[in-house]
$ cat model19.pdb   # PDB, C-alpha atoms
ATOM      1  CA  MET A 420     106.367  94.321 106.150  1.00  0.00           C
ATOM      2  CA  THR A 421     105.266  90.733 105.946  1.00  0.00           C
ATOM      3  CA  THR A 422     105.060  88.700 102.758  1.00  0.00           C
ATOM      4  CA  SER A 423     101.251  88.795 102.790  1.00  0.00           C
ATOM      5  CA  GLU A 424     101.306  92.584 103.285  1.00  0.00           C
ATOM      6  CA  SER A 425     103.669  93.084 100.348  1.00  0.00           C
ATOM      7  CA  GLU A 426     101.577  90.716  98.210  1.00  0.00           C
ATOM      8  CA  SER A 427      98.330  92.576  98.976  1.00  0.00           C
ATOM      9  CA  GLU A 428      99.971  95.947  98.349  1.00  0.00           C
ATOM     10  CA  SER A 429     101.401  94.765  95.039  1.00  0.00           C
ATOM     11  CA  GLU A 430      97.852  93.818  94.048  1.00  0.00           C
ATOM     12  CA  GLY A 431      96.742  97.442  94.462  1.00  0.00           C
ATOM     13  CA  GLN A 432      95.769  97.460  98.115  1.00  0.00           C
ATOM     14  CA  ALA A 433      96.535 100.147 100.663  1.00  0.00           C
ATOM     15  CA  ALA A 434      98.280  99.231 103.904  1.00  0.00           C
ATOM     16  CA  GLY A 435      94.894  99.006 105.650  1.00  0.00           C
ATOM     17  CA  GLY A 436      93.798  96.293 103.215  1.00  0.00           C
ATOM     18  CA  THR A 437      91.450  98.578 101.299  1.00  0.00           C
ATOM     19  CA  PRO A 438      91.921  98.404  97.523  1.00  0.00           C
ATOM     20  CA  ARG A 439      93.150 101.606  95.947  1.00  0.00           C
ATOM     21  CA  GLU A 440      90.869 103.097  93.314  1.00  0.00           C
ATOM     22  CA  VAL A 441      92.826 103.445  90.076  1.00  0.00           C
ATOM     23  CA  PRO A 442      91.559 106.540  88.264  1.00  0.00           C
ATOM     24  CA  PRO A 443      89.637 105.693  85.074  1.00  0.00           C
ATOM     25  CA  LEU A 444      91.874 107.970  82.992  1.00  0.00           C
ATOM     26  CA  MET A 445      94.936 106.047  84.184  1.00  0.00           C
ATOM     27  CA  LYS A 446      93.273 102.748  83.282  1.00  0.00           C
ATOM     28  CA  ALA A 447      92.375 104.071  79.841  1.00  0.00           C
ATOM     29  CA  ALA A 448      95.908 105.381  79.236  1.00  0.00           C
ATOM     30  CA  TRP A 449      97.390 102.022  80.268  1.00  0.00           C
ATOM     31  CA  GLU A 450      94.965 100.159  78.016  1.00  0.00           C
ATOM     32  CA  ALA A 451      95.802 102.378  75.032  1.00  0.00           C
ATOM     33  CA  ALA A 452      99.557 102.239  75.696  1.00  0.00           C
ATOM     34  CA  THR A 453      99.545  98.441  75.805  1.00  0.00           C
ATOM     35  CA  THR A 454      96.969  97.531  73.157  1.00  0.00           C
ATOM     36  CA  GLU A 455      96.925 100.351  70.586  1.00  0.00           C
ATOM     37  CA  PRO A 456      98.190  98.911  67.261  1.00  0.00           C
ATOM     38  CA  ASP A 457      99.409 102.342  66.057  1.00  0.00           C
ATOM     39  CA  PRO A 458     102.804 102.863  67.738  1.00  0.00           C
ATOM     40  CA  LEU A 459     102.423 106.667  67.708  1.00  0.00           C
ATOM     41  CA  ALA A 460      99.048 106.463  69.449  1.00  0.00           C
ATOM     42  CA  ALA A 461     100.531 104.029  71.989  1.00  0.00           C
ATOM     43  CA  LEU A 462     103.453 106.411  72.494  1.00  0.00           C
ATOM     44  CA  GLY A 463     101.079 109.321  73.124  1.00  0.00           C
ATOM     45  CA  ALA A 464      99.146 107.215  75.621  1.00  0.00           C
ATOM     46  CA  SER A 465     102.440 106.277  77.295  1.00  0.00           C
ATOM     47  CA  ARG A 466     103.345 109.957  77.718  1.00  0.00           C
ATOM     48  CA  ALA A 467      99.936 110.629  79.249  1.00  0.00           C
ATOM     49  CA  LEU A 468     100.462 107.680  81.568  1.00  0.00           C
ATOM     50  CA  VAL A 469     103.802 109.127  82.760  1.00  0.00           C
ATOM     51  CA  GLY A 470     102.027 112.313  83.870  1.00  0.00           C
ATOM     52  CA  LEU A 471      99.234 110.360  85.553  1.00  0.00           C
ATOM     53  CA  LEU A 472     101.751 108.129  87.347  1.00  0.00           C
ATOM     54  CA  SER A 473     103.467 111.207  88.743  1.00  0.00           C
ATOM     55  CA  THR A 474     100.189 112.266  90.333  1.00  0.00           C
ATOM     56  CA  TRP A 475      99.612 108.705  91.566  1.00  0.00           C
ATOM     57  CA  GLU A 476     103.113 108.658  93.070  1.00  0.00           C
ATOM     58  CA  ALA A 477     102.421 111.908  94.943  1.00  0.00           C
ATOM     59  CA  HIS A 478      99.197 110.420  96.284  1.00  0.00           C
ATOM     60  CA  LEU A 479     101.070 107.343  97.533  1.00  0.00           C
ATOM     61  CA  VAL A 480     103.674 109.563  99.215  1.00  0.00           C
ATOM     62  CA  GLY A 481     100.796 111.325 100.981  1.00  0.00           C
ATOM     63  CA  GLU A 482      99.507 107.960 102.186  1.00  0.00           C
ATOM     64  CA  ALA A 483     102.990 106.971 103.345  1.00  0.00           C
ATOM     65  CA  VAL A 484     103.503 110.207 105.292  1.00  0.00           C
ATOM     66  CA  ALA A 485     100.042 109.871 106.843  1.00  0.00           C
ATOM     67  CA  ALA A 486     101.019 106.335 107.898  1.00  0.00           C
ATOM     68  CA  GLY A 487     104.172 107.665 109.573  1.00  0.00           C
ATOM     69  CA  ALA A 488     106.873 107.152 106.946  1.00  0.00           C
ATOM     70  CA  THR A 489     109.837 109.525 107.181  1.00  0.00           C
ATOM     71  CA  TRP A 490     111.185 111.553 104.271  1.00  0.00           C
ATOM     72  CA  GLU A 491     114.367 109.477 104.501  1.00  0.00           C
ATOM     73  CA  VAL A 492     112.438 106.244 103.940  1.00  0.00           C
ATOM     74  CA  ILE A 493     110.340 107.806 101.178  1.00  0.00           C
ATOM     75  CA  GLY A 494     113.472 109.142  99.482  1.00  0.00           C
ATOM     76  CA  GLY A 495     115.116 105.736  99.684  1.00  0.00           C
ATOM     77  CA  THR A 496     112.035 104.114  98.171  1.00  0.00           C
ATOM     78  CA  VAL A 497     112.006 106.453  95.158  1.00  0.00           C
ATOM     79  CA  GLY A 498     115.802 106.533  94.817  1.00  0.00           C
ATOM     80  CA  VAL A 499     116.540 110.080  95.987  1.00  0.00           C
ATOM     81  CA  SER A 500     117.801 111.746  99.144  1.00  0.00           C
ATOM     82  CA  ARG A 501     115.536 112.724 102.043  1.00  0.00           C
ATOM     83  CA  GLN A 502     115.864 116.373 101.047  1.00  0.00           C
ATOM     84  CA  ALA A 503     115.101 115.687  97.370  1.00  0.00           C
ATOM     85  CA  ALA A 504     112.011 113.680  98.362  1.00  0.00           C
ATOM     86  CA  TRP A 505     110.805 116.504 100.613  1.00  0.00           C
ATOM     87  CA  GLU A 506     111.382 119.120  97.905  1.00  0.00           C
ATOM     88  CA  ARG A 507     109.575 117.018  95.323  1.00  0.00           C
ATOM     89  CA  PHE A 508     106.555 115.947  97.379  1.00  0.00           C
ATOM     90  CA  HIS A 509     106.000 118.167 100.422  1.00  0.00           C
ATOM     91  CA  GLY A 510     103.545 120.467  98.609  1.00  0.00           C
ATOM     92  CA  ASP A 511     101.453 117.492  97.506  1.00  0.00           C
ATOM     93  CA  VAL A 512     101.555 116.006 101.003  1.00  0.00           C
ATOM     94  CA  HIS A 513     100.477 119.325 102.494  1.00  0.00           C
ATOM     95  CA  GLU A 514      97.512 119.409 100.095  1.00  0.00           C
ATOM     96  CA  PHE A 515      96.696 115.758 100.907  1.00  0.00           C
ATOM     97  CA  ARG A 516      96.687 116.542 104.639  1.00  0.00           C
ATOM     98  CA  ARG A 517      94.527 119.628 104.075  1.00  0.00           C
ATOM     99  CA  ARG A 518      91.975 117.550 102.144  1.00  0.00           C
ATOM    100  CA  VAL A 519      91.969 114.808 104.793  1.00  0.00           C
ATOM    101  CA  LYS A 520      91.425 117.367 107.565  1.00  0.00           C
ATOM    102  CA  SER A 521      88.631 118.968 105.557  1.00  0.00           C
ATOM    103  CA  ASP A 522      86.987 115.587 104.931  1.00  0.00           C
ATOM    104  CA  VAL A 523      87.240 114.682 108.624  1.00  0.00           C
ATOM    105  CA  GLN A 524      85.695 118.011 109.610  1.00  0.00           C
ATOM    106  CA  GLU A 525      82.883 117.475 107.116  1.00  0.00           C
ATOM    107  CA  LEU A 526      82.231 113.996 108.527  1.00  0.00           C
ATOM    108  CA  ARG A 527      82.216 115.355 112.076  1.00  0.00           C
ATOM    109  CA  ASN A 528      79.734 118.053 111.104  1.00  0.00           C
ATOM    110  CA  ARG A 529      77.512 115.534 109.330  1.00  0.00           C
ATOM    111  CA  HIS A 530      77.666 113.181 112.319  1.00  0.00           C
ATOM    112  CA  ARG A 531      76.839 116.042 114.699  1.00  0.00           C
ATOM    113  CA  GLN A 532      73.854 117.049 112.559  1.00  0.00           C
ATOM    114  CA  GLU A 533      72.620 113.469 112.303  1.00  0.00           C
ATOM    115  CA  MET A 534      72.852 113.081 116.084  1.00  0.00           C
ATOM    116  CA  ILE A 535      70.836 116.281 116.587  1.00  0.00           C
ATOM    117  CA  GLU A 536      68.208 115.020 114.156  1.00  0.00           C
ATOM    118  CA  LEU A 537      68.137 111.585 115.824  1.00  0.00           C
ATOM    119  CA  ARG A 538      67.696 113.127 119.288  1.00  0.00           C
ATOM    120  CA  GLY A 539      64.878 115.301 117.965  1.00  0.00           C
ATOM    121  CA  SER A 540      63.218 112.288 116.393  1.00  0.00           C
ATOM    122  CA  ILE A 541      63.501 110.255 119.598  1.00  0.00           C
ATOM    123  CA  LYS A 542      62.093 113.123 121.688  1.00  0.00           C
ATOM    124  CA  SER A 543      59.242 113.603 119.236  1.00  0.00           C
ATOM    125  CA  GLU A 544      58.426 109.885 119.294  1.00  0.00           C
ATOM    126  CA  ALA A 545      58.579 109.838 123.095  1.00  0.00           C
ATOM    127  CA  ARG A 546      56.140 112.802 123.251  1.00  0.00           C
ATOM    128  CA  LYS A 547      53.742 111.040 120.858  1.00  0.00           C
ATOM    129  CA  ARG A 548      53.822 107.865 122.919  1.00  0.00           C
ATOM    130  CA  GLY A 549      53.324 109.859 126.113  1.00  0.00           C
ATOM    131  CA  ARG A 550      50.169 111.515 124.735  1.00  0.00           C
ATOM    132  CA  HIS A 551      48.722 108.237 123.543  1.00  0.00           C
ATOM    133  CA  GLY A 552      49.396 106.369 126.804  1.00  0.00           C
ATOM    134  CA  HIS A 553      51.780 103.766 125.344  1.00  0.00           C
TER
END

$ encode --input "model19.pdb" --output "structure tokens"
Amino acid sequence: MTTSESESESEGQAAGGTPREVPPLMKAAWEAATTEPDPLAALGASRALVGLLSTWEAHLVGEAVAAGATWEVIGGTVGVSRQAAWERFHGDVHEFRRRVKSDVQELRNRHRQEMIELRGSIKSEARKRGRHGH
């Protein structure tokens, strides 16, 4: 990883350069945990943030696996063994892959339908022009 890649990723960008969308609930929990004057309210927000960060971490592992990272590298990054990383995250990664495949299939179907509609529109326009001698 180059310095510019690590800098862009530390600023909340995915490896492809696309900014990651931080969930609004996570933003709100962070804001409350860091600005709430009541320490008990800030503590409660901090606990909520821990749970949200766990979900965020699983999402990032899914991205890493999709990008080709091995369980050994992922484990090393989070400070556990390859096996511990797999046990902790493989279910989330499986779900991430299932959603990606579903989204891709949906996009393919939409593209296919749009192409059918476009062909029909072009044929219809060609017939109209043919009747009018254009």

$ residues_near_point --input "model19.pdb" --point "(109.0, 105.8, 92.0)" --cutoff "12 Å" --atoms "all atoms listed in the file" --output "PDB file with C-alpha atoms, in the coordinates of the input"
ATOM      1  CA  VAL A 469     103.802 109.127  82.760  1.00  0.00           C
ATOM      2  CA  LEU A 472     101.751 108.129  87.347  1.00  0.00           C
ATOM      3  CA  SER A 473     103.467 111.207  88.743  1.00  0.00           C
ATOM      4  CA  THR A 474     100.189 112.266  90.333  1.00  0.00           C
ATOM      5  CA  TRP A 475      99.612 108.705  91.566  1.00  0.00           C
ATOM      6  CA  GLU A 476     103.113 108.658  93.070  1.00  0.00           C
ATOM      7  CA  ALA A 477     102.421 111.908  94.943  1.00  0.00           C
ATOM      8  CA  HIS A 478      99.197 110.420  96.284  1.00  0.00           C
ATOM      9  CA  LEU A 479     101.070 107.343  97.533  1.00  0.00           C
ATOM     10  CA  VAL A 480     103.674 109.563  99.215  1.00  0.00           C
ATOM     11  CA  ILE A 493     110.340 107.806 101.178  1.00  0.00           C
ATOM     12  CA  GLY A 494     113.472 109.142  99.482  1.00  0.00           C
ATOM     13  CA  GLY A 495     115.116 105.736  99.684  1.00  0.00           C
ATOM     14  CA  THR A 496     112.035 104.114  98.171  1.00  0.00           C
ATOM     15  CA  VAL A 497     112.006 106.453  95.158  1.00  0.00           C
ATOM     16  CA  GLY A 498     115.802 106.533  94.817  1.00  0.00           C
ATOM     17  CA  VAL A 499     116.540 110.080  95.987  1.00  0.00           C
ATOM     18  CA  ALA A 504     112.011 113.680  98.362  1.00  0.00           C
ATOM     19  CA  ARG A 507     109.575 117.018  95.323  1.00  0.00           C
ATOM     20  CA  PHE A 508     106.555 115.947  97.379  1.00  0.00           C
TER      21      PHE A 508
END

$ closest_residue --input "model19.pdb" --among "A:Glu533, A:Glu482, A:Glu544, A:Glu525" --to "A:Val512" --atoms "only C-alpha atoms"
A:Glu482

$ atom_distance --input "model19.pdb" --atom1 "atom CA of A:Arg538" --atom2 "atom CA of A:Val523"
22.3 Å

$ resolve_selection --input "model19.pdb" --expression "the PyMOL selection byres ((chain A and resi 465) around 9)" --output "ChimeraX atom specification"
/A:448-449,451-453,460-464,466-470

$ atom_distance --input "model19.pdb" --atom1 "atom CA of A:His509" --atom2 "atom CA of A:Thr489"
11.6 Å

$ closest_residue --input "model19.pdb" --among "A:Leu526, A:Met534, A:Leu471, A:Val484" --to "A:Val441" --atoms "only C-alpha atoms"
A:Leu471

$ atom_distance --input "model19.pdb" --atom1 "atom CA of A:Gly510" --atom2 "atom CA of A:Leu444"
23.2 Å

$ axis_aligned_box --input "model19.pdb" --around "stretch 436-445 of chain A" --padding-each-side "4 Å" --output "AutoDock Vina command-line options"
--center_x 92.3 --center_y 102.1 --center_z 93.1 --size_x 13.3 --size_y 19.7 --size_z 28.2

$ decode --input "model19.pdb" --residues "stretch 424-525 of chain A" --atoms "C-alpha atoms" --output "PDB file, in the first residue's frame"
ATOM      1  CA  GLU A 424      -3.495   4.936  -0.511  1.00  0.00           C
ATOM      2  CA  SER A 425      -3.123   4.697   3.266  1.00  0.00           C
ATOM      3  CA  GLU A 426      -3.873   8.421   3.615  1.00  0.00           C
ATOM      4  CA  SER A 427      -7.066   8.175   1.533  1.00  0.00           C
ATOM      5  CA  GLU A 428      -8.194   5.066   3.408  1.00  0.00           C
ATOM      6  CA  SER A 429      -7.572   6.725   6.764  1.00  0.00           C
ATOM      7  CA  GLU A 430      -9.845   9.542   5.591  1.00  0.00           C
ATOM      8  CA  GLY A 431     -12.729   7.080   5.183  1.00  0.00           C
ATOM      9  CA  GLN A 432     -12.190   5.962   1.612  1.00  0.00           C
ATOM     10  CA  ALA A 433     -12.438   2.437   0.267  1.00  0.00           C
ATOM     11  CA  ALA A 434      -9.534   0.945  -1.663  1.00  0.00           C
ATOM     12  CA  GLY A 435     -11.207   1.958  -4.940  1.00  0.00           C
ATOM     13  CA  GLY A 436     -11.138   5.609  -3.867  1.00  0.00           C
ATOM     14  CA  THR A 437     -14.866   5.758  -3.167  1.00  0.00           C
ATOM     15  CA  PRO A 438     -15.706   7.285   0.221  1.00  0.00           C
ATOM     16  CA  ARG A 439     -17.343   4.905   2.650  1.00  0.00           C
ATOM     17  CA  GLU A 440     -20.776   5.943   3.872  1.00  0.00           C
ATOM     18  CA  VAL A 441     -20.701   6.141   7.666  1.00  0.00           C
ATOM     19  CA  PRO A 442     -24.125   5.112   8.964  1.00  0.00           C
ATOM     20  CA  PRO A 443     -26.050   8.030  10.505  1.00  0.00           C
ATOM     21  CA  LEU A 444     -26.573   6.110  13.755  1.00  0.00           C
ATOM     22  CA  MET A 445     -22.808   5.655  14.090  1.00  0.00           C
ATOM     23  CA  LYS A 446     -22.260   9.371  13.494  1.00  0.00           C
ATOM     24  CA  ALA A 447     -24.882  10.238  16.097  1.00  0.00           C
ATOM     25  CA  ALA A 448     -23.386   7.829  18.651  1.00  0.00           C
ATOM     26  CA  TRP A 449     -19.912   9.293  18.081  1.00  0.00           C
ATOM     27  CA  GLU A 450     -21.249  12.832  18.424  1.00  0.00           C
ATOM     28  CA  ALA A 451     -23.036  11.997  21.685  1.00  0.00           C
ATOM     29  CA  ALA A 452     -20.059  10.064  23.084  1.00  0.00           C
ATOM     30  CA  THR A 453     -17.688  12.962  22.438  1.00  0.00           C
ATOM     31  CA  THR A 454     -19.854  16.002  23.172  1.00  0.00           C
ATOM     32  CA  GLU A 455     -22.498  14.938  25.710  1.00  0.00           C
ATOM     33  CA  PRO A 456     -21.840  16.880  28.954  1.00  0.00           C
ATOM     34  CA  ASP A 457     -23.500  14.169  31.100  1.00  0.00           C
ATOM     35  CA  PRO A 458     -20.839  11.460  31.553  1.00  0.00           C
ATOM     36  CA  LEU A 459     -23.466   8.708  31.926  1.00  0.00           C
ATOM     37  CA  ALA A 460     -25.147   9.702  28.662  1.00  0.00           C
ATOM     38  CA  ALA A 461     -21.730   9.807  26.962  1.00  0.00           C
ATOM     39  CA  LEU A 462     -20.953   6.380  28.420  1.00  0.00           C
ATOM     40  CA  GLY A 463     -24.219   4.971  27.063  1.00  0.00           C
ATOM     41  CA  ALA A 464     -23.445   6.438  23.649  1.00  0.00           C
ATOM     42  CA  SER A 465     -19.959   4.908  23.843  1.00  0.00           C
ATOM     43  CA  ARG A 466     -21.443   1.456  24.497  1.00  0.00           C
ATOM     44  CA  ALA A 467     -23.760   1.878  21.517  1.00  0.00           C
ATOM     45  CA  LEU A 468     -20.779   2.923  19.425  1.00  0.00           C
ATOM     46  CA  VAL A 469     -18.895  -0.268  20.392  1.00  0.00           C
ATOM     47  CA  GLY A 470     -21.743  -2.377  18.987  1.00  0.00           C
ATOM     48  CA  LEU A 471     -21.951  -0.277  15.826  1.00  0.00           C
ATOM     49  CA  LEU A 472     -18.179  -0.495  15.324  1.00  0.00           C
ATOM     50  CA  SER A 473     -18.384  -4.276  15.501  1.00  0.00           C
ATOM     51  CA  THR A 474     -20.826  -4.240  12.597  1.00  0.00           C
ATOM     52  CA  TRP A 475     -18.621  -1.741  10.747  1.00  0.00           C
ATOM     53  CA  GLU A 476     -15.595  -3.985  11.320  1.00  0.00           C
ATOM     54  CA  ALA A 477     -17.454  -6.976   9.856  1.00  0.00           C
ATOM     55  CA  HIS A 478     -18.371  -4.888   6.821  1.00  0.00           C
ATOM     56  CA  LEU A 479     -14.720  -3.918   6.316  1.00  0.00           C
ATOM     57  CA  VAL A 480     -13.668  -7.572   6.596  1.00  0.00           C
ATOM     58  CA  GLY A 481     -16.199  -8.342   3.856  1.00  0.00           C
ATOM     59  CA  GLU A 482     -14.630  -5.650   1.682  1.00  0.00           C
ATOM     60  CA  ALA A 483     -11.153  -7.009   2.400  1.00  0.00           C
ATOM     61  CA  VAL A 484     -12.124 -10.585   1.506  1.00  0.00           C
ATOM     62  CA  ALA A 485     -13.848  -9.368  -1.663  1.00  0.00           C
ATOM     63  CA  ALA A 486     -10.615  -7.539  -2.544  1.00  0.00           C
ATOM     64  CA  GLY A 487      -8.627 -10.759  -2.097  1.00  0.00           C
ATOM     65  CA  ALA A 488      -7.285 -10.505   1.451  1.00  0.00           C
ATOM     66  CA  THR A 489      -6.564 -13.828   3.156  1.00  0.00           C
ATOM     67  CA  TRP A 490      -7.846 -14.785   6.597  1.00  0.00           C
ATOM     68  CA  GLU A 491      -4.228 -14.766   7.778  1.00  0.00           C
ATOM     69  CA  VAL A 492      -3.793 -11.123   6.767  1.00  0.00           C
ATOM     70  CA  ILE A 493      -7.185 -10.170   8.204  1.00  0.00           C
ATOM     71  CA  GLY A 494      -6.361 -11.945  11.466  1.00  0.00           C
ATOM     72  CA  GLY A 495      -3.023 -10.166  11.670  1.00  0.00           C
ATOM     73  CA  THR A 496      -4.725  -6.822  11.083  1.00  0.00           C
ATOM     74  CA  VAL A 497      -7.210  -7.332  13.931  1.00  0.00           C
ATOM     75  CA  GLY A 498      -4.680  -9.025  16.224  1.00  0.00           C
ATOM     76  CA  VAL A 499      -5.947 -12.615  16.144  1.00  0.00           C
ATOM     77  CA  SER A 500      -5.008 -15.841  14.402  1.00  0.00           C
ATOM     78  CA  ARG A 501      -6.235 -16.776  10.922  1.00  0.00           C
ATOM     79  CA  GLN A 502      -8.590 -19.328  12.456  1.00  0.00           C
ATOM     80  CA  ALA A 503      -9.958 -16.870  15.038  1.00  0.00           C
ATOM     81  CA  ALA A 504     -10.577 -14.294  12.291  1.00  0.00           C
ATOM     82  CA  TRP A 505     -12.411 -16.876  10.177  1.00  0.00           C
ATOM     83  CA  GLU A 506     -14.535 -18.015  13.129  1.00  0.00           C
ATOM     84  CA  ARG A 507     -15.398 -14.440  14.038  1.00  0.00           C
ATOM     85  CA  PHE A 508     -16.183 -13.075  10.572  1.00  0.00           C
ATOM     86  CA  HIS A 509     -16.915 -15.833   8.050  1.00  0.00           C
ATOM     87  CA  GLY A 510     -20.691 -15.690   8.610  1.00  0.00           C
ATOM     88  CA  ASP A 511     -20.717 -11.938   8.004  1.00  0.00           C
ATOM     89  CA  VAL A 512     -18.540 -12.329   4.912  1.00  0.00           C
ATOM     90  CA  HIS A 513     -20.846 -15.029   3.575  1.00  0.00           C
ATOM     91  CA  GLU A 514     -23.819 -12.682   4.038  1.00  0.00           C
ATOM     92  CA  PHE A 515     -21.871  -9.822   2.401  1.00  0.00           C
ATOM     93  CA  ARG A 516     -21.093 -12.019  -0.618  1.00  0.00           C
ATOM     94  CA  ARG A 517     -24.723 -13.154  -0.836  1.00  0.00           C
ATOM     95  CA  ARG A 518     -25.909  -9.528  -0.860  1.00  0.00           C
ATOM     96  CA  VAL A 519     -23.322  -8.535  -3.479  1.00  0.00           C
ATOM     97  CA  LYS A 520     -24.345 -11.443  -5.719  1.00  0.00           C
ATOM     98  CA  SER A 521     -27.999 -10.518  -5.275  1.00  0.00           C
ATOM     99  CA  ASP A 522     -27.293  -6.865  -6.103  1.00  0.00           C
ATOM    100  CA  VAL A 523     -25.301  -7.859  -9.196  1.00  0.00           C
ATOM    101  CA  GLN A 524     -28.117 -10.133 -10.355  1.00  0.00           C
ATOM    102  CA  GLU A 525     -30.630  -7.338  -9.821  1.00  0.00           C
TER     103      GLU A 525
END
